[in-house]
file start.tsv (TSV, C-alpha atoms)
chain	number	residue	atom	x	y	z
A	1	MET	CA	4.93	6.29	17.43
A	2	ILE	CA	4.23	3.76	20.19
A	3	SER	CA	1.82	5.01	22.83
A	4	ASP	CA	2.78	4.67	26.46
A	5	LYS	CA	-0.87	3.76	27.07
A	6	ALA	CA	-0.52	0.54	25.04
A	7	TYR	CA	0.54	-2.70	26.76
A	8	ILE	CA	3.51	-4.29	24.98
A	9	ASP	CA	5.25	-7.27	26.51
A	10	PRO	CA	9.02	-6.59	26.67
A	11	LYS	CA	9.71	-9.83	24.77
A	12	ALA	CA	7.69	-8.74	21.71
A	13	LYS	CA	9.75	-7.88	18.62
A	14	ILE	CA	8.64	-4.59	17.08
A	15	GLY	CA	10.05	-3.40	13.73
A	16	LYS	CA	10.88	0.09	12.49
A	17	ASP	CA	8.31	2.85	12.00
A	18	VAL	CA	5.56	0.86	13.72
A	19	THR	CA	2.59	2.76	15.12
A	20	ILE	CA	0.89	1.25	18.18
A	21	MET	CA	-1.98	3.37	19.47
A	22	PRO	CA	-3.38	3.67	23.01
A	23	PHE	CA	-4.95	0.64	24.66
A	24	ALA	CA	-3.58	-1.89	22.18
A	25	TYR	CA	-2.44	-5.17	23.78
A	26	VAL	CA	0.64	-7.04	22.47
A	27	GLU	CA	1.80	-10.33	24.01
A	28	GLY	CA	5.38	-11.59	24.24
A	29	ASP	CA	5.65	-14.22	21.48
A	30	VAL	CA	4.85	-11.66	18.80
A	31	GLU	CA	6.73	-10.20	15.84
A	32	ILE	CA	5.40	-7.04	14.17
A	33	GLY	CA	7.20	-5.98	10.99
A	34	ASP	CA	8.23	-2.54	9.80
A	35	GLY	CA	5.58	0.05	9.05
A	36	CYS	CA	2.63	-1.72	10.66
A	37	VAL	CA	-0.19	0.27	12.26
A	38	ILE	CA	-1.94	-1.20	15.32
A	39	TYR	CA	-5.07	0.76	16.21
A	40	PRO	CA	-6.61	1.18	19.71
A	41	PHE	CA	-8.28	-1.72	21.49
A	42	THR	CA	-6.65	-4.42	19.37
A	43	SER	CA	-5.13	-7.64	20.72
A	44	ILE	CA	-2.03	-9.12	19.10
A	45	MET	CA	-1.69	-12.49	20.80
A	46	ASN	CA	1.09	-15.04	21.19
A	47	GLY	CA	2.12	-16.78	17.99
A	48	THR	CA	1.70	-13.76	15.72
A	49	HIS	CA	4.47	-13.40	13.13
A	50	MET	CA	3.45	-10.33	11.13
A	51	GLY	CA	5.26	-8.88	8.11
A	52	LYS	CA	5.45	-5.29	6.93
A	53	ASN	CA	2.87	-2.53	6.40
A	54	ASN	CA	-0.15	-4.31	7.85
A	55	LYS	CA	-3.02	-2.36	9.46
A	56	VAL	CA	-5.01	-3.85	12.34
A	57	HIS	CA	-8.09	-1.79	13.23
A	58	GLN	CA	-10.07	-1.33	16.44
A	59	GLY	CA	-11.39	-4.43	18.18
A	60	ALA	CA	-9.48	-6.92	16.04
A	61	VAL	CA	-7.87	-9.98	17.62
A	62	ILE	CA	-4.91	-11.55	15.83
A	63	SER	CA	-3.77	-15.09	16.75
A	64	ALA	CA	-6.67	-15.80	19.10
A	65	ILE	CA	-6.78	-19.15	20.90
A	66	PRO	CA	-8.46	-21.53	18.40
A	67	GLN	CA	-12.03	-22.63	19.00
A	68	ASP	CA	-11.12	-26.26	18.39
A	69	PHE	CA	-11.74	-29.09	20.86
A	70	ASN	CA	-8.52	-30.72	19.62
A	71	TYR	CA	-6.43	-27.75	20.74
A	72	THR	CA	-4.39	-28.65	23.83
A	73	GLY	CA	-2.19	-25.57	24.08
A	74	GLY	CA	1.37	-25.02	22.93
A	75	ASN	CA	3.23	-22.57	20.75
A	76	THR	CA	0.97	-22.48	17.72
A	77	LEU	CA	1.24	-19.84	15.01
A	78	THR	CA	-0.41	-17.19	12.87
A	79	ILE	CA	1.88	-16.16	10.01
A	80	ILE	CA	0.94	-12.94	8.20
A	81	GLY	CA	2.65	-11.45	5.16
A	82	ASP	CA	2.77	-7.82	4.02
A	83	GLY	CA	0.23	-5.14	3.27
A	84	ASN	CA	-2.88	-6.74	4.76
A	85	ILE	CA	-5.78	-4.75	6.22
A	86	PHE	CA	-7.81	-6.13	9.12
A	87	ARG	CA	-10.82	-3.91	9.73
A	88	GLU	CA	-12.81	-3.57	12.96
A	89	ASN	CA	-13.62	-6.68	15.01
A	90	VAL	CA	-11.83	-9.15	12.74
A	91	VAL	CA	-10.78	-12.31	14.61
A	92	VAL	CA	-7.96	-14.53	13.33
A	93	ALA	CA	-7.34	-17.75	15.27
A	94	ARG	CA	-3.93	-19.37	15.33
A	95	SER	CA	-3.31	-23.00	14.38
A	96	SER	CA	-4.55	-25.74	16.69
A	97	LYS	CA	-1.44	-27.93	16.31
A	98	GLU	CA	2.26	-27.34	16.82
A	99	GLY	CA	5.04	-28.29	14.45
A	100	GLU	CA	6.25	-27.82	10.90
A	101	GLY	CA	3.47	-27.39	8.39
A	102	TYR	CA	0.90	-26.16	10.92
A	103	ALA	CA	-0.06	-22.48	10.97
A	104	THR	CA	-2.84	-20.10	10.16
A	105	THR	CA	-1.32	-18.41	7.12
A	106	ILE	CA	-2.27	-15.11	5.47
A	107	CYS	CA	-0.12	-14.01	2.52
A	108	ASP	CA	0.06	-10.46	1.09
A	109	HIS	CA	-2.39	-7.64	0.27
A	110	ASN	CA	-5.63	-9.11	1.58
A	111	PHE	CA	-8.54	-6.99	2.79
A	112	PHE	CA	-10.69	-8.32	5.63
A	113	MET	CA	-13.83	-6.27	6.21
A	114	GLU	CA	-15.51	-5.70	9.56
A	115	GLY	CA	-16.53	-8.75	11.57
A	116	VAL	CA	-14.66	-11.43	9.60
A	117	HIS	CA	-13.70	-14.57	11.54
A	118	LEU	CA	-10.89	-16.84	10.35
A	119	CYS	CA	-10.69	-20.13	12.24
A	120	HIS	CA	-7.59	-22.22	12.94
A	121	ASP	CA	-5.24	-23.47	10.21
A	122	VAL	CA	-6.83	-21.40	7.46
A	123	HIS	CA	-4.65	-20.51	4.47
A	124	ILE	CA	-5.40	-17.24	2.66
A	125	GLY	CA	-3.41	-16.44	-0.50
A	126	TYR	CA	-2.80	-13.08	-2.18
A	127	ASP	CA	-5.02	-10.09	-3.05
A	128	ASN	CA	-8.29	-11.44	-1.69
A	129	VAL	CA	-11.30	-9.44	-0.45
A	130	ILE	CA	-13.20	-11.09	2.40
A	131	GLY	CA	-16.50	-9.27	2.87
A	132	TYR	CA	-18.36	-7.96	5.88
A	133	GLY	CA	-19.25	-10.64	8.44
A	134	CYS	CA	-17.78	-13.64	6.60
A	135	LYS	CA	-17.05	-16.72	8.73
A	136	ILE	CA	-14.29	-19.06	7.54
A	137	ALA	CA	-14.09	-22.43	9.31
A	138	GLY	CA	-10.95	-24.41	10.11
A	139	GLU	CA	-8.50	-25.71	7.49
A	140	VAL	CA	-10.07	-23.75	4.64
A	141	LEU	CA	-7.91	-22.82	1.64
A	142	ILE	CA	-8.63	-19.61	-0.27
A	143	GLU	CA	-6.32	-19.07	-3.23
A	144	ASP	CA	-5.62	-15.66	-4.91
A	145	ASP	CA	-7.82	-12.80	-6.16
A	146	VAL	CA	-10.95	-14.26	-4.57
A	147	ILE	CA	-13.92	-12.10	-3.58
A	148	LEU	CA	-16.32	-13.22	-0.85
A	149	SER	CA	-19.33	-10.95	-0.54
A	150	THR	CA	-21.24	-10.15	2.66
A	151	ASN	CA	-21.96	-12.83	5.29
A	152	VAL	CA	-20.52	-15.80	3.41
A	153	VAL	CA	-20.04	-18.89	5.61
A	154	VAL	CA	-17.39	-21.37	4.47
A	155	ASN	CA	-17.43	-24.91	5.90
A	156	ALA	CA	-14.32	-26.66	7.26
A	157	GLN	CA	-11.72	-27.95	4.77
A	158	VAL	CA	-13.37	-26.27	1.77
A	159	ARG	CA	-11.12	-24.91	-0.99
A	160	ILE	CA	-11.96	-21.81	-3.02
A	161	GLY	CA	-9.99	-21.49	-6.24
A	162	ARG	CA	-8.30	-18.38	-7.56
A	163	ASP	CA	-10.28	-15.61	-9.29
A	164	ALA	CA	-13.56	-16.98	-7.91
A	165	MET	CA	-16.38	-14.86	-6.50
A	166	VAL	CA	-18.99	-16.01	-3.96
A	167	GLY	CA	-22.25	-14.07	-3.62
A	168	ALA	CA	-23.73	-12.63	-0.44
A	169	ASN	CA	-25.21	-14.84	2.29
A	170	ALA	CA	-24.00	-18.07	0.70
A	171	PHE	CA	-23.16	-21.17	2.71
A	172	VAL	CA	-20.23	-23.00	1.08
A	173	PRO	CA	-20.17	-26.72	2.02
A	174	LYS	CA	-18.01	-27.94	-0.91
A	175	ASP	CA	-15.16	-26.76	-3.10
A	176	VAL	CA	-15.58	-23.70	-5.34
A	177	PRO	CA	-13.39	-24.13	-8.44
A	178	PRO	CA	-11.25	-21.31	-9.85
A	179	TYR	CA	-12.48	-18.59	-12.23
A	180	ILE	CA	-16.21	-18.95	-11.48
A	181	ILE	CA	-19.09	-17.11	-9.83
A	182	ALA	CA	-21.02	-19.03	-7.17
A	183	THR	CA	-24.27	-17.66	-5.77
A	184	GLY	CA	-27.43	-18.57	-3.89
A	185	ASN	CA	-28.31	-20.62	-0.86
A	186	PRO	CA	-27.88	-23.51	-1.46
A	187	ILE	CA	-24.87	-22.31	-3.39
A	188	GLU	CA	-24.65	-23.09	-7.10
A	189	PHE	CA	-22.39	-22.45	-10.09
A	190	SER	CA	-23.62	-19.45	-12.06
A	191	GLY	CA	-21.00	-18.97	-14.75
A	192	ALA	CA	-17.41	-18.05	-15.44
A	193	ASN	CA	-16.15	-14.96	-13.62
A	194	ARG	CA	-15.64	-13.01	-16.85
A	195	GLN	CA	-15.59	-9.51	-15.35
A	196	ILE	CA	-12.86	-10.22	-12.81
A	197	MET	CA	-10.78	-12.21	-15.29
A	198	SER	CA	-10.99	-9.34	-17.80
A	199	ARG	CA	-9.99	-6.87	-15.11
A	200	LEU	CA	-6.99	-9.07	-14.30
A	201	GLY	CA	-5.94	-8.97	-17.95
A	202	LYS	CA	-6.90	-12.43	-19.18
A	203	ASP	CA	-7.37	-12.73	-22.94
A	204	ASP	CA	-10.92	-13.18	-24.28
A	205	LYS	CA	-9.91	-16.46	-25.92
A	206	VAL	CA	-8.60	-17.79	-22.59
A	207	ILE	CA	-11.84	-16.76	-20.86
A	208	SER	CA	-13.82	-18.57	-23.56
A	209	HIS	CA	-11.75	-21.73	-23.02
A	210	ILE	CA	-12.43	-21.52	-19.27
A	211	ALA	CA	-16.17	-21.15	-19.86
A	212	ASN	CA	-16.15	-24.16	-22.19
A	213	ALA	CA	-14.28	-26.23	-19.62
A	214	TYR	CA	-16.95	-25.49	-17.03
A	215	ARG	CA	-19.70	-26.51	-19.43
A	216	LEU	CA	-18.12	-29.95	-19.24
A	217	VAL	CA	-17.67	-29.80	-15.46
A	218	PHE	CA	-21.26	-28.82	-14.67
A	219	ASN	CA	-23.20	-30.79	-17.26
A	220	GLY	CA	-24.19	-33.26	-14.52
A	221	GLN	CA	-23.38	-36.38	-16.54
A	222	ASN	CA	-19.85	-37.47	-15.62
A	223	ASP	CA	-17.67	-37.94	-12.58
A	224	ILE	CA	-14.73	-35.63	-11.94
A	225	LEU	CA	-12.03	-37.88	-13.37
A	226	ASP	CA	-14.00	-38.34	-16.61
A	227	VAL	CA	-14.53	-34.58	-16.81
A	228	CYS	CA	-10.79	-33.93	-16.35
A	229	ARG	CA	-10.01	-36.26	-19.25
A	230	GLN	CA	-12.61	-34.54	-21.42
A	231	ILE	CA	-11.18	-31.12	-20.61
A	232	GLU	CA	-7.67	-32.25	-21.51
A	233	GLN	CA	-8.92	-33.76	-24.78
A	234	GLN	CA	-11.33	-31.04	-25.89
A	235	ILE	CA	-10.10	-27.69	-24.47
A	236	PRO	CA	-6.89	-26.04	-25.74
A	237	ASP	CA	-4.08	-26.30	-23.20
A	238	GLY	CA	-3.09	-23.33	-21.06
A	239	LYS	CA	-2.10	-22.37	-17.53
A	240	GLU	CA	-5.68	-21.72	-16.47
A	241	ILE	CA	-6.96	-25.02	-17.89
A	242	ARG	CA	-4.20	-26.90	-16.08
A	243	ASN	CA	-5.16	-25.06	-12.86
A	244	ILE	CA	-8.78	-26.16	-13.28
A	245	VAL	CA	-7.87	-29.80	-13.90
A	246	LYS	CA	-5.50	-29.92	-10.92
A	247	PHE	CA	-8.09	-28.31	-8.65
A	248	LEU	CA	-10.73	-30.84	-9.71
A	249	ARG	CA	-8.43	-33.82	-9.25
A	250	ASP	CA	-7.35	-32.61	-5.80
A	251	SER	CA	-10.92	-32.14	-4.54
A	252	GLN	CA	-11.75	-34.20	-1.45
A	253	LEU	CA	-15.18	-32.74	-0.64
A	254	GLY	CA	-16.51	-32.56	-4.20
A	255	LEU	CA	-17.79	-29.45	-5.96
A	256	ILE	CA	-20.74	-27.13	-5.57
A	257	THR	CA	-23.57	-27.89	-8.00
A	258	LYS	CA	-24.99	-26.23	-11.12
A	259	ILE	CA	-27.97	-23.86	-11.24
call {"tool": "encode", "arguments": {"input": "start.tsv", "output": "structure tokens"}}
result
Amino acid sequence: MISDKAYIDPKAKIGKDVTIMPFAYVEGDVEIGDGCVIYPFTSIMNGTHMGKNNKVHQGAVISAIPQDFNYTGGNTLTIIGDGNIFRENVVVARSSKEGEGYATTICDHNFFMEGVHLCHDVHIGYDNVIGYGCKIAGEVLIEDDVILSTNVVVNAQVRIGRDAMVGANAFVPKDVPPYIIATGNPIEFSGANRQIMSRLGKDDKVISHIANAYRLVFNGQNDILDVCRQIEQQIPDGKEIRNIVKFLRDSQLGLITKI
């Protein structure tokens, strides 16, 4: 299942039932877990630690040297979980710093469409869809069940909360809170992400509480800390409401604005 026309450094660690097709390139400091499929003309570079059942399609580069002027070399990492799909020409850059706590990290069951670029030290959670041509700058955090549509550009150090959706061609300069839809350019809040939350099984009452919380967030009258106190006082408690409050309090860049 491993083509003799692929280049695989003898030091690379290859799991069971791995398929590596002709003209793939695998460097030495690489681990590829069981059941992965590496298509032709892919490059799996040093620092790749890949779990099980991932698919890397033609032209993709995993653990590329980071495009960061602070990068000075060294054994930096890209850590990938299980069941991810990297379509054609996806580029994932490894971390720009060595040591504990530094890595480009991709968890499980994410889908990266053609032409996506993930810069250094990005963290991608679980079950996300990153659309065609999206560009994700360094040190971005994307939580779980997020959808980025076509050609979204995410600025450095931005956080995108779970169950959020960002519309096509948006530039994201600030944090996108969980459970919302953000659209336009300049990007703006356009409502709670009711359809995705319903599909994920959230109760209608919970969705209503989330929508009411965001009426407080985006009324344009109070700062974030005041809004958090209002949410805690006025909105019934629940896991999702606590997630919103924590996300708001942790924001360093501030939030996108309201339509």
call {"tool": "closest_residue", "arguments": {"input": "start.tsv", "among": "A:Phe247, A:Tyr179, A:Phe189, A:Tyr39", "to": "His209 (chain A)", "atoms": "only C-alpha atoms"}}
result
A:Tyr179
call {"tool": "residues_around", "arguments": {"input": "start.tsv", "residues": "Asp175 (chain A)", "least_positions_apart": "2", "cutoff": "9 Å", "atoms": "only C-alpha atoms", "output": "list in words"}}
result
Gln157, Val158, Arg159, Ile160, Gly161, Val172, Pro173, Pro177, Leu248, Ser251, Gln252, Leu253, Gly254, Leu255 and Ile256 of chain A
call {"tool": "closest_residue", "arguments": {"input": "start.tsv", "among": "A:Thr257, A:Asn128, A:Ser208, A:Asn54", "to": "Ala182 (chain A)", "atoms": "only C-alpha atoms"}}
result
A:Thr257
call {"tool": "atom_distance", "arguments": {"input": "start.tsv", "atom1": "CA of Ile210 (chain A)", "atom2": "CA of Asp226 (chain A)"}}
result
17.1 Å
call {"tool": "residues_near_point", "arguments": {"input": "start.tsv", "point": "(1.3, 0.5, 23.9)", "cutoff": "8 Å", "atoms": "all atoms listed in the file", "output": "JSON, numbers by chain"}}
result
{"A": [2, 3, 4, 5, 6, 7, 8, 20, 21, 22, 23, 24, 25, 26]}
call {"tool": "closest_residue", "arguments": {"input": "start.tsv", "among": "A:His57, A:His123, A:Arg194, A:Lys246", "to": "Ile224 (chain A)", "atoms": "only C-alpha atoms"}}
result
A:Lys246
call {"tool": "residues_around", "arguments": {"input": "start.tsv", "residues": "Glu98 (chain A)", "least_positions_apart": "3", "cutoff": "12 Å", "atoms": "all atoms listed in the file", "output": "list in words"}}
result
Gly47, Asn70, Tyr71, Thr72, Gly73, Gly74, Asn75, Thr76, Leu77, Thr78, Arg94, Ser95, Gly101, Tyr102, Ala103, Thr104, His120 and Asp121 of chain A
call {"tool": "residues_around", "arguments": {"input": "start.tsv", "residues": "Asn151 (chain A)", "least_positions_apart": "2", "cutoff": "8 Å", "atoms": "only C-alpha atoms", "output": "list in words"}}
result
Gly131, Tyr132, Gly133, Cys134, Lys135, Ser149, Val153, Ala168, Asn169 and Ala170 of chain A
call {"tool": "closest_residue", "arguments": {"input": "start.tsv", "among": "A:Asp82, A:Asp68, A:Asp204, A:Asp144", "to": "Ile32 (chain A)", "atoms": "all atoms listed in the file"}}
result
A:Asp82
call {"tool": "closest_residue", "arguments": {"input": "start.tsv", "among": "A:Val217, A:Ile241, A:Ile80, A:Leu225", "to": "His109 (chain A)", "atoms": "only C-alpha atoms"}}
result
A:Ile80
call {"tool": "closest_residue", "arguments": {"input": "start.tsv", "among": "A:Cys228, A:Ile180, A:Ala12, A:Ile235", "to": "Lys205 (chain A)", "atoms": "only C-alpha atoms"}}
result
A:Ile235
call {"tool": "atom_distance", "arguments": {"input": "start.tsv", "atom1": "CA of Asn212 (chain A)", "atom2": "CA of Ile147 (chain A)"}}
result
22.3 Å
call {"tool": "axis_aligned_box", "arguments": {"input": "start.tsv", "around": "region 231-244 of chain A", "padding_each_side": "3 Å", "output": "JSON"}}
result
{"center_x": -6.7, "center_y": -27.7, "center_z": -19.4, "size_x": 15.2, "size_y": 18.0, "size_z": 19.0}
